[in-house]
$ cat run.txt   # compact mmCIF, C-alpha atoms
# COMPACT_ATOMS: atom_id res chain seq x y z
CA MET M 1 -70.23 43.00 50.40
CA LEU M 2 -68.49 44.14 47.25
CA ILE M 3 -65.43 45.07 49.25
CA ILE M 4 -65.29 41.61 50.81
CA LEU M 5 -65.48 39.94 47.41
CA LEU M 6 -62.63 42.11 46.09
CA VAL M 7 -60.43 41.20 49.08
CA VAL M 8 -61.09 37.48 48.53
CA LEU M 9 -60.18 37.76 44.82
CA VAL M 10 -56.91 39.54 45.65
CA ILE M 11 -55.99 36.84 48.18
CA LEU M 12 -56.72 34.05 45.66
CA LEU M 13 -54.68 35.81 42.94
CA VAL M 14 -51.63 36.19 45.20
CA PHE M 15 -51.85 32.55 46.32
CA SER M 16 -52.10 31.31 42.71
CA ARG M 17 -49.00 33.23 41.58
CA GLY M 18 -47.02 32.02 44.55
CA TYR M 19 -48.00 28.42 43.85
CA ARG M 20 -46.94 28.63 40.19
CA ALA M 21 -43.62 30.24 41.17
CA ALA M 22 -42.99 27.52 43.68
CA ARG M 23 -43.61 24.89 40.99
CA ARG M 24 -41.16 26.57 38.65
CA VAL M 25 -38.44 26.63 41.28
CA SER M 26 -38.95 22.96 42.15
CA VAL M 27 -38.44 21.74 38.55
CA PRO M 28 -34.92 20.25 38.30
CA PRO M 29 -32.60 21.64 35.63
CA SER M 30 -32.29 19.70 32.36
CA PRO M 31 -29.36 17.28 32.26
CA PRO M 32 -26.35 18.47 30.25
CA VAL M 33 -26.12 17.34 26.62
CA MET M 34 -23.46 14.63 26.30
CA LYS M 35 -21.20 14.89 23.25
CA ASP M 36 -19.34 12.03 21.62
CA ASN M 37 -16.43 14.20 20.50
CA VAL M 38 -13.21 14.07 22.50
CA VAL M 39 -12.11 17.59 23.44
CA ASN M 40 -8.70 18.87 24.48
CA GLU M 41 -8.21 21.12 27.49
CA ASP M 42 -8.20 24.15 25.18
CA HIS M 43 -11.67 23.06 23.96
CA THR M 44 -10.44 22.08 20.50
CA GLU M 45 -11.49 18.73 19.14
CA LYS M 46 -8.89 15.98 19.23
CA PRO M 47 -8.20 14.21 15.95
CA VAL M 48 -9.34 10.61 16.14
CA THR M 49 -6.85 8.09 14.75
CA THR M 50 -8.14 4.62 14.05
CA MET M 51 -6.78 1.51 12.37
CA GLN M 52 -9.13 -1.08 11.03
CA ASP M 53 -9.13 -4.26 13.06
CA SER M 54 -8.71 -6.24 9.86
CA ASP M 55 -5.48 -4.35 9.06
CA ILE M 56 -4.10 -5.04 12.52
CA ASP M 57 -4.98 -8.72 12.25
CA HIS M 58 -3.47 -9.05 8.77
CA ILE M 59 -0.22 -7.34 9.78
CA ALA M 60 0.05 -9.53 12.87
CA ASN M 61 -0.43 -12.65 10.75
CA ILE M 62 2.19 -11.77 8.12
CA SER M 63 5.47 -13.48 8.94
CA LYS M 64 8.84 -11.86 8.49
CA ASP M 65 9.80 -14.76 6.21
CA ALA M 66 6.92 -13.86 3.88
CA LEU M 67 8.05 -10.23 3.79
CA LEU M 68 11.66 -11.17 3.03
CA GLY M 69 10.84 -13.71 0.34
CA HIS M 70 11.64 -16.87 2.28
CA VAL M 71 8.60 -18.59 0.81
CA ASN M 72 7.77 -21.56 -1.40
CA PRO M 73 4.76 -20.58 -3.53
CA SER M 74 4.40 -24.06 -5.01
CA GLY M 75 3.73 -25.48 -1.55
CA ASP M 76 1.49 -22.69 -0.25
CA ASP M 77 -2.29 -22.83 -0.67
CA ASP M 78 -2.45 -19.01 -0.76
CA PHE M 79 -0.62 -19.07 -4.11
CA VAL M 80 -1.82 -20.35 -7.48
CA LEU M 81 0.04 -21.30 -10.63
CA ILE M 82 -0.35 -18.82 -13.47
CA ASP M 83 -1.74 -20.45 -16.60
CA ALA M 84 1.05 -20.55 -19.18
CA ALA M 85 -1.43 -19.20 -21.74
CA TYR M 86 -1.29 -15.85 -19.95
CA ALA M 87 2.49 -15.74 -19.47
CA ASN M 88 5.71 -15.91 -21.44
CA ARG M 89 6.82 -19.00 -19.52
CA SER M 90 5.42 -21.61 -17.19
CA GLY M 91 6.02 -22.06 -13.48
CA MET M 92 5.09 -18.61 -12.16
CA TYR M 93 2.83 -18.00 -9.17
CA LEU M 94 0.67 -15.25 -7.68
CA ARG M 95 -1.42 -14.99 -4.56
CA ARG M 96 -4.87 -16.33 -5.31
CA GLU M 97 -6.74 -13.03 -4.92
CA ALA M 98 -4.18 -11.14 -7.01
CA TYR M 99 -4.37 -13.76 -9.76
CA GLU M 100 -8.17 -13.65 -9.87
CA ALA M 101 -8.03 -9.86 -10.17
CA PHE M 102 -5.45 -10.14 -12.95
CA LEU M 103 -7.63 -12.59 -14.89
CA ALA M 104 -10.58 -10.20 -14.67
CA MET M 105 -8.39 -7.31 -15.81
CA ARG M 106 -6.94 -9.35 -18.67
CA GLU M 107 -10.39 -10.34 -19.89
CA ALA M 108 -11.55 -6.71 -19.86
CA ALA M 109 -8.41 -5.65 -21.72
CA LEU M 110 -9.02 -8.24 -24.43
CA VAL M 111 -12.40 -6.68 -25.14
CA ASP M 112 -10.52 -3.49 -25.99
CA GLY M 113 -7.94 -5.27 -28.10
CA ILE M 114 -5.23 -5.24 -25.41
CA VAL M 115 -3.30 -8.41 -24.56
CA LEU M 116 -1.65 -8.54 -21.13
CA THR M 117 1.14 -11.09 -20.72
CA VAL M 118 2.88 -11.87 -17.42
CA LEU M 119 6.69 -11.78 -17.66
CA SER M 120 7.44 -12.10 -13.94
CA ALA M 121 5.38 -12.62 -10.80
CA THR M 122 6.32 -14.05 -7.39
CA ARG M 123 10.09 -14.22 -6.85
CA ASP M 124 11.49 -15.77 -3.70
CA PHE M 125 14.68 -14.63 -1.95
CA GLN M 126 16.93 -17.00 -3.89
CA HIS M 127 15.49 -15.92 -7.22
CA GLN M 128 16.04 -12.27 -6.38
CA LYS M 129 19.54 -13.09 -5.13
CA ARG M 130 20.44 -14.61 -8.51
CA ILE M 131 19.24 -11.49 -10.31
CA TRP M 132 21.12 -9.19 -7.91
CA GLU M 133 24.38 -11.11 -7.84
CA ASN M 134 24.46 -11.62 -11.60
CA LYS M 135 24.50 -7.86 -11.85
CA TRP M 136 26.80 -7.31 -8.86
CA HIS M 137 29.45 -9.65 -10.22
CA GLY M 138 29.22 -8.34 -13.78
CA ARG M 139 27.56 -11.42 -15.26
CA GLN M 140 24.74 -9.24 -16.56
CA ILE M 141 24.94 -5.84 -18.24
CA LEU M 142 23.16 -3.00 -16.47
CA HIS M 143 20.98 -0.30 -17.94
CA GLY M 144 23.17 1.90 -20.10
CA ASN M 145 25.33 -1.04 -21.22
CA ILE M 146 27.68 -0.85 -18.23
CA LEU M 147 28.98 -3.49 -15.86
CA ALA M 148 28.60 -3.10 -12.11
CA THR M 149 32.15 -4.42 -11.69
CA ASP M 150 33.38 -1.23 -13.37
CA ILE M 151 32.14 0.64 -10.27
CA GLN M 152 34.60 0.08 -7.42
CA ASP M 153 32.76 1.79 -4.56
CA PRO M 154 30.25 -0.74 -3.10
CA ALA M 155 27.59 1.85 -2.32
CA GLU M 156 27.81 3.39 -5.80
CA ARG M 157 27.67 -0.09 -7.35
CA ALA M 158 24.59 -0.95 -5.32
CA LEU M 159 22.89 2.33 -6.27
CA GLU M 160 23.43 1.63 -9.95
CA ILE M 161 21.85 -1.81 -9.64
CA LEU M 162 19.04 -0.34 -7.53
CA ARG M 163 17.89 1.77 -10.42
CA PHE M 164 15.87 -1.20 -11.68
CA SER M 165 16.54 -4.19 -9.38
CA ALA M 166 15.73 -4.70 -5.71
CA MET M 167 18.07 -6.14 -3.13
CA PRO M 168 17.07 -9.65 -2.02
CA GLY M 169 14.69 -9.34 0.89
CA THR M 170 13.33 -5.97 -0.28
CA SER M 171 11.41 -6.80 -3.46
CA ARG M 172 7.65 -6.44 -3.75
CA HIS M 173 7.77 -9.54 -5.93
CA HIS M 174 8.46 -11.54 -2.74
CA TRP M 175 4.88 -10.86 -1.63
CA GLY M 176 3.05 -12.56 -4.50
CA THR M 177 1.16 -9.37 -5.29
CA ASP M 178 3.14 -7.88 -8.17
CA VAL M 179 3.46 -8.65 -11.87
CA ASP M 180 5.64 -7.43 -14.72
CA LEU M 181 3.65 -7.15 -17.93
CA ASN M 182 4.50 -7.29 -21.66
CA SER M 183 7.98 -5.72 -21.69
CA LEU M 184 10.78 -4.79 -19.31
CA ASN M 185 11.70 -1.66 -21.27
CA ASN M 186 10.01 1.68 -20.78
CA SER M 187 10.60 2.52 -24.45
CA TYR M 188 8.16 -0.23 -25.48
CA PHE M 189 5.36 1.65 -23.73
CA GLU M 190 6.11 4.97 -25.41
CA SER M 191 4.68 4.25 -28.87
CA GLY M 192 2.62 1.85 -30.96
CA GLN M 193 0.92 -1.09 -29.28
CA GLY M 194 3.00 -0.65 -26.14
CA LEU M 195 1.64 2.85 -25.67
CA LYS M 196 -1.91 1.54 -26.09
CA VAL M 197 -1.20 -1.09 -23.43
CA TYR M 198 0.13 1.47 -20.97
CA GLU M 199 -2.68 3.94 -21.62
CA TRP M 200 -5.22 1.17 -21.03
CA LEU M 201 -3.57 0.12 -17.78
CA ASP M 202 -3.22 3.70 -16.60
CA ALA M 203 -6.94 4.27 -17.20
CA ASN M 204 -8.34 0.91 -16.05
CA ALA M 205 -5.99 -1.04 -13.77
CA ALA M 206 -7.17 0.73 -10.60
CA GLY M 207 -10.68 -0.58 -11.21
CA PHE M 208 -9.31 -4.11 -10.74
CA GLY M 209 -7.21 -3.22 -7.68
CA PHE M 210 -3.86 -2.67 -9.43
CA CYS M 211 -1.54 0.32 -9.17
CA GLN M 212 1.83 1.25 -10.67
CA PRO M 213 4.26 1.49 -7.72
CA TYR M 214 7.18 2.98 -9.64
CA THR M 215 5.93 5.97 -11.57
CA HIS M 216 8.21 8.76 -12.73
CA HIS M 217 9.91 10.74 -9.97
CA GLY M 218 7.83 13.72 -8.94
CA GLN M 219 4.87 14.54 -6.76
CA GLN M 220 3.76 10.92 -6.39
CA ARG M 221 7.15 9.78 -5.07
CA GLU M 222 10.49 11.46 -4.48
CA GLY M 223 13.06 8.82 -5.38
CA GLY M 224 13.70 5.11 -5.27
CA TYR M 225 13.67 2.96 -8.38
CA GLU M 226 13.40 4.39 -11.85
CA GLU M 227 9.99 4.38 -13.50
CA GLU M 228 8.74 0.91 -14.42
CA ARG M 229 5.71 1.06 -16.67
CA TRP M 230 5.55 -2.72 -16.73
CA HIS M 231 5.31 -3.23 -12.97
CA TRP M 232 1.78 -3.45 -11.48
CA SER M 233 0.86 -4.26 -7.90
CA TYR M 234 -2.34 -5.67 -6.41
CA LYS M 235 -3.00 -2.98 -3.84
CA PRO M 236 -5.54 -4.69 -1.49
CA ILE M 237 -2.83 -7.11 -0.37
CA ALA M 238 0.39 -5.24 -1.19
CA SER M 239 -0.56 -2.16 0.85
CA ILE M 240 -0.95 -4.34 3.95
CA TYR M 241 2.37 -6.05 3.26
CA MET M 242 4.07 -2.69 2.95
CA LYS M 243 2.70 -1.64 6.36
CA ALA M 244 3.88 -4.95 7.81
CA TYR M 245 7.33 -4.50 6.25
CA LYS M 246 7.65 -1.07 7.86
CA ALA M 247 6.59 -2.47 11.22
CA LYS M 248 8.60 -5.69 11.30
CA VAL M 249 11.70 -5.63 9.07
CA THR M 250 14.98 -4.06 10.15
CA TYR M 251 18.38 -3.76 8.48
CA ASP M 252 19.57 -6.76 10.50
CA ASP M 253 17.19 -8.84 8.37
CA ILE M 254 18.63 -7.71 5.01
CA ARG M 255 21.73 -9.84 4.49
CA ASP M 256 23.25 -12.99 2.96
CA PHE M 257 23.93 -11.66 -0.53
CA ALA M 258 26.78 -9.78 -2.18
CA GLY M 259 26.78 -6.13 -1.14
CA TRP M 260 24.23 -6.54 1.65
CA GLU M 261 26.28 -4.29 3.92
CA THR M 262 25.31 -1.28 1.78
CA ALA M 263 21.60 -1.65 2.61
CA ALA M 264 21.64 0.37 5.84
CA PRO M 265 23.91 3.22 4.66
CA LEU M 266 21.77 3.57 1.54
CA GLU M 267 18.55 3.42 3.58
CA VAL M 268 16.97 0.99 1.13
CA ILE M 269 13.90 0.41 3.30
CA GLU M 270 12.96 4.08 3.42
CA ARG M 271 14.22 5.07 -0.04
CA PHE M 272 13.16 2.03 -2.07
CA VAL M 273 10.74 -0.31 -0.28
CA LEU M 274 8.51 2.42 1.14
CA ASP M 275 8.96 5.18 -1.47
CA VAL M 276 6.31 4.19 -3.99
CA ASN M 277 3.52 5.92 -5.86
CA LYS M 278 1.06 7.33 -3.32
CA ASP M 279 -1.76 5.53 -5.12
CA CYS M 280 -0.21 2.25 -3.89
CA HIS M 281 -0.24 3.17 -0.19
$ encode --input "run.txt" --output "structure tokens"
Amino acid sequence: MLIILLVVLVILLVFSRGYRAARRVSVPPSPPVMKDNVVNEDHTEKPVTTMQDSDIDHIANISKDALLGHVNPSGDDDFVLIDAAYANRSGMYLRREAYEAFLAMREAALVDGIVLTVLSATRDFQHQKRIWENKWHGRQILHGNILATDIQDPAERALEILRFSAMPGTSRHHWGTDVDLNSLNNSYFESGQGLKVYEWLDANAAGFGFCQPYTHHGQQREGGYEEERWHWSYKPIASIYMKAYKAKVTYDDIRDFAGWETAAPLEVIERFVLDVNKDCH
């Protein structure tokens, strides 16, 4: 009897193990884990390059005329008239958002005893053409008390003017985003009240969206215009306009002023329009 019971137990034990093994075999494998990363054939992760939809939309909506300064700020709802109390003359305009940011910055500066005064703001193509051609034709003395007409080679003449003045169609002032403040001489900002103004702007302007596009030549930018401590740009709009300029404007568009034929040989788009302080990109 004992032997029979042992045989039955052995049979039951073998059957139970076989049943559990069969169950393990019948369980389907777990599905593979799906990863969101895009992987190259060599199993390295691909860099993902994206552009914000808002940037794409803004660039698409910016006309070439707006980039080149063929605008009329007084008849455009996107521009507002600068209060003469904040400027050295009446009749200047800025884009609405840039002006509101300037007013906030000016108010904060006043608390610290700093007065910010607008000397120049939006300049259309014709305005910039007058500035350029006055210098080109020797009607205005250049930096260093020289006349451009003393320079016979057109490219060299243009380069001398380009130290501080943009060719028509290439100025950031066309965009309604940039202002010149307090003085048009770097020496003013090197001592006294001018130095206090520049130190305040250098420390605080970024908090209101402004950057200095033309810093000294060095790590922040390789060339282009000379340093302009008075020139401040409203980055949230100007950075989009600079991208649009790079995408849409060609040398065929830069013309209709004295010396325009030097623009392409001098690569003014790459060397002047786009070569700005990295903080303004």
$ atom_distance --input "run.txt" --atom1 "atom CA of Tyr93 of chain M" --atom2 "atom CA of Asn134 of chain M"
22.7 Å
$ atom_distance --input "run.txt" --atom1 "atom CA of Ile161 of chain M" --atom2 "atom CA of Ile237 of chain M"
26.9 Å
$ closest_atom_pairs --input "run.txt" --of "segment 77-185 of chain M" --to "segment 233-236 of chain M" --cutoff "12 Å" --atoms "all atoms listed in the file" --output "Markdown table"
| residue | atom | partner | partner_atom | distance |
| --- | --- | --- | --- | --- |
| M:Leu94 | CA | M:Tyr234 | CA | 10.1 |
| M:Arg95 | CA | M:Tyr234 | CA | 9.5 |
| M:Arg96 | CA | M:Tyr234 | CA | 11.0 |
| M:Glu97 | CA | M:Tyr234 | CA | 8.7 |
| M:Ala98 | CA | M:Tyr234 | CA | 5.8 |
| M:Tyr99 | CA | M:Tyr234 | CA | 9.0 |
| M:Glu100 | CA | M:Tyr234 | CA | 10.5 |
| M:Ala101 | CA | M:Tyr234 | CA | 8.0 |
| M:Phe102 | CA | M:Tyr234 | CA | 8.5 |
| M:Met105 | CA | M:Tyr234 | CA | 11.3 |
| M:Ser120 | CA | M:Ser233 | CA | 11.9 |
| M:Ala121 | CA | M:Ser233 | CA | 9.9 |
| M:Thr122 | CA | M:Ser233 | CA | 11.2 |
| M:Ser171 | CA | M:Ser233 | CA | 11.7 |
| M:Arg172 | CA | M:Ser233 | CA | 8.3 |
| M:His173 | CA | M:Ser233 | CA | 8.9 |
| M:His174 | CA | M:Ser233 | CA | 11.7 |
| M:Trp175 | CA | M:Ser233 | CA | 10.0 |
| M:Gly176 | CA | M:Tyr234 | CA | 9.0 |
| M:Thr177 | CA | M:Tyr234 | CA | 5.2 |
| M:Asp178 | CA | M:Ser233 | CA | 4.3 |
| M:Val179 | CA | M:Ser233 | CA | 6.5 |
| M:Asp180 | CA | M:Ser233 | CA | 8.9 |
| M:Leu181 | CA | M:Ser233 | CA | 10.8 |
$ atom_distance --input "run.txt" --atom1 "atom CA of Asp279 of chain M" --atom2 "atom CA of Leu116 of chain M"
21.3 Å
$ closest_residue --input "run.txt" --among "M:Leu195, M:Met167, M:Ala206, M:Met242" --to "Glu267 of chain M" --atoms "only C-alpha atoms"
M:Met167
$ closest_residue --input "run.txt" --among "M:Gly218, M:Gly194, M:Pro168, M:Gly209" --to "Ile131 of chain M" --atoms "all atoms listed in the file"
M:Pro168
$ residues_near_point --input "run.txt" --point "(24.4, -3.6, -4.4)" --cutoff "10 Å" --atoms "all atoms listed in the file" --output "short mmCIF file (atom, residue, chain, number, x, y, z; two decimals) with C-alpha atoms, in the frame of the given file"
data_model
loop_
_atom_site.label_atom_id
_atom_site.label_comp_id
_atom_site.auth_asym_id
_atom_site.auth_seq_id
_atom_site.Cartn_x
_atom_site.Cartn_y
_atom_site.Cartn_z
CA TRP M 132 21.12 -9.19 -7.91
CA GLU M 133 24.38 -11.11 -7.84
CA LYS M 135 24.50 -7.86 -11.85
CA TRP M 136 26.80 -7.31 -8.86
CA HIS M 137 29.45 -9.65 -10.22
CA ALA M 148 28.60 -3.10 -12.11
CA ASP M 153 32.76 1.79 -4.56
CA PRO M 154 30.25 -0.74 -3.10
CA ALA M 155 27.59 1.85 -2.32
CA GLU M 156 27.81 3.39 -5.80
CA ARG M 157 27.67 -0.09 -7.35
CA ALA M 158 24.59 -0.95 -5.32
CA LEU M 159 22.89 2.33 -6.27
CA GLU M 160 23.43 1.63 -9.95
CA ILE M 161 21.85 -1.81 -9.64
CA LEU M 162 19.04 -0.34 -7.53
CA SER M 165 16.54 -4.19 -9.38
CA ALA M 166 15.73 -4.70 -5.71
CA MET M 167 18.07 -6.14 -3.13
CA PRO M 168 17.07 -9.65 -2.02
CA PHE M 257 23.93 -11.66 -0.53
CA ALA M 258 26.78 -9.78 -2.18
CA GLY M 259 26.78 -6.13 -1.14
CA TRP M 260 24.23 -6.54 1.65
CA GLU M 261 26.28 -4.29 3.92
CA THR M 262 25.31 -1.28 1.78
CA ALA M 263 21.60 -1.65 2.61
CA LEU M 266 21.77 3.57 1.54
#
$ residues_around --input "run.txt" --residues "segment 58-75 of chain M" --least-positions-apart "3" --cutoff "6 Å" --atoms "all atoms listed in the file" --output "NGL selection string"
:M and (55 or 79 or 124-125 or 169 or 174 or 244)
$ closest_residue --input "run.txt" --among "M:Val276, M:Leu184, M:Val197, M:Ala238" --to "Gly224 of chain M" --atoms "all atoms listed in the file"
M:Val276
$ closest_residue --input "run.txt" --among "M:Asp252, M:Tyr188, M:Ile240, M:Glu107" --to "Asp57 of chain M" --atoms "all atoms listed in the file"
M:Ile240
$ closest_residue --input "run.txt" --among "M:Leu119, M:Leu274, M:Leu147, M:Leu142" --to "Arg163 of chain M" --atoms "all atoms listed in the file"
M:Leu142
$ closest_residue --input "run.txt" --among "M:Asn204, M:Ser191, M:Thr117, M:Ser239" --to "Ser90 of chain M" --atoms "all atoms listed in the file"
M:Thr117
